[in-house]
Amino acid sequence: MYLTKEEERILAGEFGEGTEKALELLVAIGDAYDAEKMIPISRAHAASSGQEGDLYFVELLANGGARCKVPTSTNPVYDIEYFDKLFDVPKDEGEVARRVMDAYKRVGAILSWSCVPYLAENIPLYGETVAFSESSATPYVNSVIGARTNREAAQSALAAGVIGKAPEYGLLIRENRKGTDLVKVEAILKDEFDYTLLGYYVGKRIGYGIPVLKGISRQPSTEEFINFCAMSNVSGAISMFYMPGFTVEASTVEEAFQGDVPKDKITVTDHELRQACDELQTTSGGIDFVMLGCPHYTLKQLGDVARLLNGKKIHDGVSFWVCTSATAKVLAKRNGYVGVIEKAGGHVVVDTCIDEPCWIAYKDKVGMTDSPKCAYYRRFKEAIVARLEDCVEAAIKGRWG
Amino acid sequence: MKSSEITLKCHKIIGGYGEGEALVSHEPICFYLTDPKTGVVRERSHELAGKSLANKVLVFPSGKASSVVQIDGLFKLASNVVAPKAMIVKDVETVLIVSAFIAKVPLVDRLERDPFEIIHTGDFVKVDAAKGTVTITKRKS
């Protein structure tokens with residue numbers, strides 16, 4: 001790979017060990033993909049996780065004096081002080097989370113602790129080159145926004161944020177952004193949950209690729225796009241997709257395939273969506289918890305929960321959690337949504353994700369969620385996946401089915 | 001019987017030198033699904049189930065699973081000194097590169113011959129990533 005004089009000086013350690021290590025990682029990735037050079041990026045999102053591998057790398061950079069050169073946001077970890085009051089979080093796990101959060105602060109990241117930073121804290125525009133990790137953020141940024149990012153790991157995204165550059169390969173190059181699989185959607189997509197099921201099904205059928213979906217009959221909402229992105233990366237690895245007419249980069253199916261439209265196609269009817277739905281409803285009976293907000297709920301979704309819970313009382317045996325970003329919670333509080341949810345007995349919690357050790361109290365419990373991604377992490381004995389309305393109803397009754 | 005030695009060119013991804021007994025997997029590897037204390041593969045249906053990756057030169061087609069668990073998995077093996085000594089892979093992707101980088105395990109690809117034909121479990125393999133060479137001493141039979 002071609003390196004500039006300045007890049008060579010960084011690798012020689014002239015700007016400190018943190019910056020050196022960041023570039024060393026990016027060069028290794030560039031070499032592996034035969035990238036010709038590094039190109040500037042305008043922002044990054046590091047999928048921080050609060051685990052040991054994550055801690056090692058962010059401390060290596062922070063202790064080595066590195067600072068983010070471009071806006072670099074962070075994924076959820078968890079606030080140990082908040083959870084310590086509620087559950088018995090293992091001491092060593094809590095300490096890892098605390099150190100991770102401290103190191104991201106020292107490295108100069110945006111402390112968003114959100115998995116949907118493209119909505120508020122770190123927003124790419126059409127055509128920007130960025131480095132966004134988090135499997136649900138990568139396809140959103142590539143497809144819905146039309147910025148360009150590769151499927152990054154937390155560490156490569158952080159390194160790119162520190163250097164302000166990324167190796168030029170993969171989805172940063174137009175020719176590699178062409179569709180691979182044609183998906184004909186005949187199913188009627190009514191709500192956010194239908195997009196969850198569509199994403200889950202498409203990911204499972206395609207695995208790794210760039211699907212082009214035709215037949216979508218109306219403009220999907222932000223939340224519907226978020227669900228499609230997240231769930232297609234639970235059952236598969238979809239870093240980009242097209243819905244011509246609704247996503248920005250290609251206005252026709254032909255354009256999405258760069259003229260090379262495949263003959264074979266996958267067809268999705270109501271039957272496939274129903275099947276996906278049945279597959280996710282693994283059990284019935286009494287439930288111990290409801291977990292919403294994977295990915296983080298938007299302000300609109302917090303409003304939906306508040307409307308469904310207004311004047312109701314969550315069953316005594318059920319804990320009810322909604323995960324969201326700190327930004328959305330501020331406004332949800334102002335709009336009265338948080339008050340309604342709390343009055344009904346629920347919690348609106350920020351900065352965390354269901355895939356964190358802070359939820360250890362639910363290890364042997366059965367609960368419900370509207371997110372297959374939440375169920376997939378297996379932090380619980382069982383998590384039944386159903387529509388938001390069904391989750392709320394079950395929370396009030398204390399049972400499902 | 002006299003053992004034969006063969007040296008092949010390869011492509012460096014993560015530098016360094018590592019040598020040890022070869023362990024060949026035809027299936028993708030998820031480091032998270034190994035015992036972090038011993039390096040033994042815990043994935044029951046895996047062809048390497050029950051075998052340890054510790055101090056081996058691992059030959060495998062690709063990594064698998066989400067970035068967080070994969071990276072954390074190899075990092076834990078390295079912390080407990082039971083990571084592979086070097087890795088020879090066929091299809092590389094970003095997550096595997098990051099995993100090898102933070103665990104400091106030499107990683108190479110593009111061996112000039114098919115690694116699954118030329119290397120067998122039990123052979124002695126030296127990986128010199130910096131020089132871009134892999135030296136194989138066939139197991140004595």
# chains A, B, ... in the order shown; residues from 1 in each chain; ligands from 1
>>> closest_atom_pairs(of="chain A", to="chain B", cutoff="12 Å", atoms="only C-alpha atoms", output="tab-separated table")
residue	atom	partner	partner_atom	distance
A:Lys21	CA	B:Phe101	CA	9.6
A:Ala22	CA	B:Phe101	CA	10.6
A:Leu23	CA	B:Phe101	CA	11.8
A:Glu24	CA	B:Phe101	CA	9.0
A:Leu25	CA	B:Phe101	CA	6.9
A:Leu26	CA	B:Val98	CA	9.2
A:Val27	CA	B:Ile13	CA	9.0
A:Ala28	CA	B:Ile13	CA	5.5
A:Ile29	CA	B:Thr94	CA	6.4
A:Gly30	CA	B:Ile13	CA	9.0
A:Asp31	CA	B:Ile13	CA	6.5
A:Ala32	CA	B:Ile13	CA	5.6
A:Tyr33	CA	B:Glu93	CA	8.3
A:Asp34	CA	B:Ile13	CA	10.5
A:Ala46	CA	B:Val68	CA	11.3
A:Ala47	CA	B:Val68	CA	8.4
A:Ser48	CA	B:Val68	CA	8.6
A:Ser49	CA	B:Val68	CA	7.1
A:Gly50	CA	B:Val68	CA	9.6
A:Gln51	CA	B:Asp72	CA	6.8
A:Glu52	CA	B:Asp72	CA	6.2
A:Gly53	CA	B:Asp72	CA	4.5
A:Asp54	CA	B:Asp72	CA	7.2
A:Leu55	CA	B:Asp72	CA	9.6
A:Tyr56	CA	B:Ile102	CA	7.7
A:Phe57	CA	B:Ile102	CA	6.9
A:Val58	CA	B:Ile102	CA	10.6
A:Glu59	CA	B:Ile102	CA	11.7
A:Leu60	CA	B:Ile102	CA	9.7
A:Leu61	CA	B:Ile102	CA	11.7
A:Asn75	CA	B:Val68	CA	11.7
A:Ser133	CA	B:Ser67	CA	9.2
A:Glu134	CA	B:Ser67	CA	8.8
A:Ser135	CA	B:Ser66	CA	8.4
A:Ser136	CA	B:Ser66	CA	11.7
A:Asn150	CA	B:Thr94	CA	9.1
A:Arg151	CA	B:Thr94	CA	7.7
A:Glu152	CA	B:Thr94	CA	6.6
A:Ala153	CA	B:Val95	CA	5.8
A:Ala154	CA	B:Val68	CA	7.8
A:Gln155	CA	B:Val98	CA	6.9
A:Ser156	CA	B:Val98	CA	7.0
A:Ala157	CA	B:Thr94	CA	10.5
A:Leu158	CA	B:Val98	CA	11.5
A:Ala159	CA	B:Val98	CA	10.6
A:Pro167	CA	B:Thr94	CA	11.3
A:Tyr169	CA	B:Thr94	CA	11.1
A:Gly170	CA	B:Glu93	CA	10.6
A:Tyr208	CA	B:Lys64	CA	11.8
A:Asn233	CA	B:Ser66	CA	9.3
A:Val234	CA	B:Ser66	CA	9.1
A:Ser235	CA	B:Ala65	CA	10.8
A:Gly236	CA	B:Ala65	CA	10.0
A:Ala237	CA	B:Ser66	CA	9.3
A:Asp355	CA	B:Val68	CA	10.4
A:Glu356	CA	B:Val68	CA	11.4
A:Lys373	CA	B:Ser66	CA	11.9
A:Tyr376	CA	B:Ser66	CA	11.4
A:Tyr377	CA	B:Ser66	CA	10.5
>>> select_by_dssp(residues="region 30-138 of chain B", states="strand (DSSP E)", output="JSON, numbers by chain")
{"B": [57, 58, 59, 60, 86, 87, 88, 89, 107, 108, 109, 124, 125, 126, 127, 128, 133, 134, 135, 136, 137]}
>>> residues_around(residues="Ile136 (chain B)", least_positions_apart="6", cutoff="7 Å", atoms="only C-alpha atoms", output="VMD selection string")
chain B and resid 5 to 7 123 to 126
>>> write_last_selection(atoms="C-alpha atoms", output="PDB file, in the first residue's frame")
ATOM      1  CA  GLU B   5      10.975 -29.712   4.308  1.00  0.00           C
ATOM      2  CA  ILE B   6       9.213 -27.350   1.949  1.00  0.00           C
ATOM      3  CA  THR B   7       9.143 -23.539   1.957  1.00  0.00           C
ATOM      4  CA  ASP B 123       3.077 -31.335  10.427  1.00  0.00           C
ATOM      5  CA  PHE B 124       5.586 -28.901  11.914  1.00  0.00           C
ATOM      6  CA  VAL B 125       5.075 -25.412  10.481  1.00  0.00           C
ATOM      7  CA  LYS B 126       7.116 -22.207  10.751  1.00  0.00           C
TER       8      LYS B 126
END
>>> select_by_dssp(residues="region 21-99 of chain B", states="helix (DSSP H, G or I)", output="list in words")
Phe31, Tyr32, Leu33, Ser67, Val68, Val69, Gln70, Ile71, Asp72, Gly73, Leu74, Phe75, Lys76, Leu77, Ala78, Ser79, Thr94, Val95, Leu96, Ile97, Val98 and Ser99 of chain B
>>> write_last_selection(atoms="C-alpha atoms", output="PDB file, in the first residue's frame")
ATOM      1  CA  PHE B  31     -12.620 -18.118  18.993  1.00  0.00           C
ATOM      2  CA  TYR B  32     -15.382 -17.275  21.416  1.00  0.00           C
ATOM      3  CA  LEU B  33     -16.508 -20.905  21.289  1.00  0.00           C
ATOM      4  CA  SER B  67     -17.049  -8.874  15.639  1.00  0.00           C
ATOM      5  CA  VAL B  68     -17.297  -8.389  19.408  1.00  0.00           C
ATOM      6  CA  VAL B  69     -17.252 -12.049  20.369  1.00  0.00           C
ATOM      7  CA  GLN B  70     -14.618 -13.042  17.810  1.00  0.00           C
ATOM      8  CA  ILE B  71     -12.153 -10.357  18.901  1.00  0.00           C
ATOM      9  CA  ASP B  72     -12.789 -10.873  22.590  1.00  0.00           C
ATOM     10  CA  GLY B  73     -12.482 -14.645  22.129  1.00  0.00           C
ATOM     11  CA  LEU B  74      -8.976 -14.594  20.626  1.00  0.00           C
ATOM     12  CA  PHE B  75      -7.876 -11.863  23.013  1.00  0.00           C
ATOM     13  CA  LYS B  76      -8.824 -14.033  26.009  1.00  0.00           C
ATOM     14  CA  LEU B  77      -6.866 -16.989  24.584  1.00  0.00           C
ATOM     15  CA  ALA B  78      -3.825 -14.755  24.128  1.00  0.00           C
ATOM     16  CA  SER B  79      -4.141 -13.344  27.670  1.00  0.00           C
ATOM     17  CA  THR B  94     -11.662  -7.166   8.862  1.00  0.00           C
ATOM     18  CA  VAL B  95     -12.786  -8.827  12.085  1.00  0.00           C
ATOM     19  CA  LEU B  96     -10.206 -11.603  11.827  1.00  0.00           C
ATOM     20  CA  ILE B  97      -7.460  -9.061  11.105  1.00  0.00           C
ATOM     21  CA  VAL B  98      -8.419  -7.017  14.166  1.00  0.00           C
ATOM     22  CA  SER B  99      -8.569 -10.200  16.279  1.00  0.00           C
TER      23      SER B  99
END
>>> residues_around(residues="Arg378 (chain A)", least_positions_apart="5", cutoff="12 Å", atoms="only C-alpha atoms", output="list in words")
Ile354, Asp355, Glu356, Pro357, Trp359, Ile360, Tyr362, Lys363, Asp364, Lys365, Val366, Gly367, Pro372, Lys373, Ala383 and Ile384 of chain A
>>> residues_around(residues="Ser284 (chain A)", least_positions_apart="6", cutoff="9 Å", atoms="only C-alpha atoms", output="PyMOL selection string")
chain A and resi 384+399-401
>>> write_last_selection(atoms="N, CA and C atoms", output="compact mmCIF listing (two decimals), in the first residue's frame")
# COMPACT_ATOMS: atom_id res chain seq x y z
N ILE A 384 -39.08 -14.49 23.91
CA ILE A 384 -40.08 -14.67 22.85
C ILE A 384 -40.13 -13.37 22.05
N ARG A 399 -48.39 -12.69 31.35
CA ARG A 399 -48.17 -13.92 30.57
C ARG A 399 -48.43 -13.69 29.10
N TRP A 400 -47.90 -14.60 28.30
CA TRP A 400 -48.06 -14.54 26.85
C TRP A 400 -48.72 -15.83 26.37
N GLY A 401 -49.71 -15.66 25.49
CA GLY A 401 -50.35 -16.82 24.85
C GLY A 401 -51.54 -17.33 25.62
>>> residues_around(residues="Glu6 (chain A)", least_positions_apart="2", cutoff="12 Å", atoms="only C-alpha atoms", output="list of chain:residue names")
A:Tyr2, A:Leu3, A:Thr4, A:Glu8, A:Arg9, A:Ile10, A:Leu11, A:Ala12, A:Gly13, A:Glu14, A:Phe15, A:Thr19, A:Glu20, A:Leu23, A:Met38, A:Ile163
>>> residues_around(residues="Arg174 (chain A)", least_positions_apart="6", cutoff="12 Å", atoms="only C-alpha atoms", output="ChimeraX atom specification")
/A:127,129,142,146-150,168,249-250,255-258
>>> write_last_selection(atoms="C-alpha atoms", output="PDB file, in the first residue's frame")
ATOM      1  CA  GLY A 127     -21.679  10.694  -0.385  1.00  0.00           C
ATOM      2  CA  THR A 129     -16.774   8.420   3.308  1.00  0.00           C
ATOM      3  CA  ASN A 142     -24.592   2.805   3.273  1.00  0.00           C
ATOM      4  CA  GLY A 146     -25.869   6.830   0.959  1.00  0.00           C
ATOM      5  CA  ALA A 147     -22.597   7.506   2.755  1.00  0.00           C
ATOM      6  CA  ARG A 148     -19.866   4.896   2.218  1.00  0.00           C
ATOM      7  CA  THR A 149     -18.528   2.617   4.903  1.00  0.00           C
ATOM      8  CA  ASN A 150     -17.080  -0.845   5.143  1.00  0.00           C
ATOM      9  CA  GLU A 168      -9.637   2.320   0.305  1.00  0.00           C
ATOM     10  CA  GLU A 249     -28.123   5.413  -4.303  1.00  0.00           C
ATOM     11  CA  ALA A 250     -30.032   3.790  -7.187  1.00  0.00           C
ATOM     12  CA  GLU A 255     -29.048   0.785 -11.652  1.00  0.00           C
ATOM     13  CA  ALA A 256     -28.662  -1.049  -8.320  1.00  0.00           C
ATOM     14  CA  PHE A 257     -27.152  -4.025 -10.148  1.00  0.00           C
ATOM     15  CA  GLN A 258     -25.025  -1.675 -12.285  1.00  0.00           C
TER      16      GLN A 258
END
>>> atom_distance(atom1="CA of Ser25 (chain B)", atom2="CA of Val59 (chain B)")
6.1 Å
>>> atom_distance(atom1="CA of Gly207 (chain A)", atom2="CA of Thr267 (chain A)")
15.5 Å
>>> atom_distance(atom1="CA of Ala62 (chain A)", atom2="CA of Ala166 (chain A)")
19.2 Å
>>> closest_residue(among="A:Val144, A:Ile173, A:Leu302, A:Val268", to="Leu197 (chain A)", atoms="only C-alpha atoms")
A:Val268
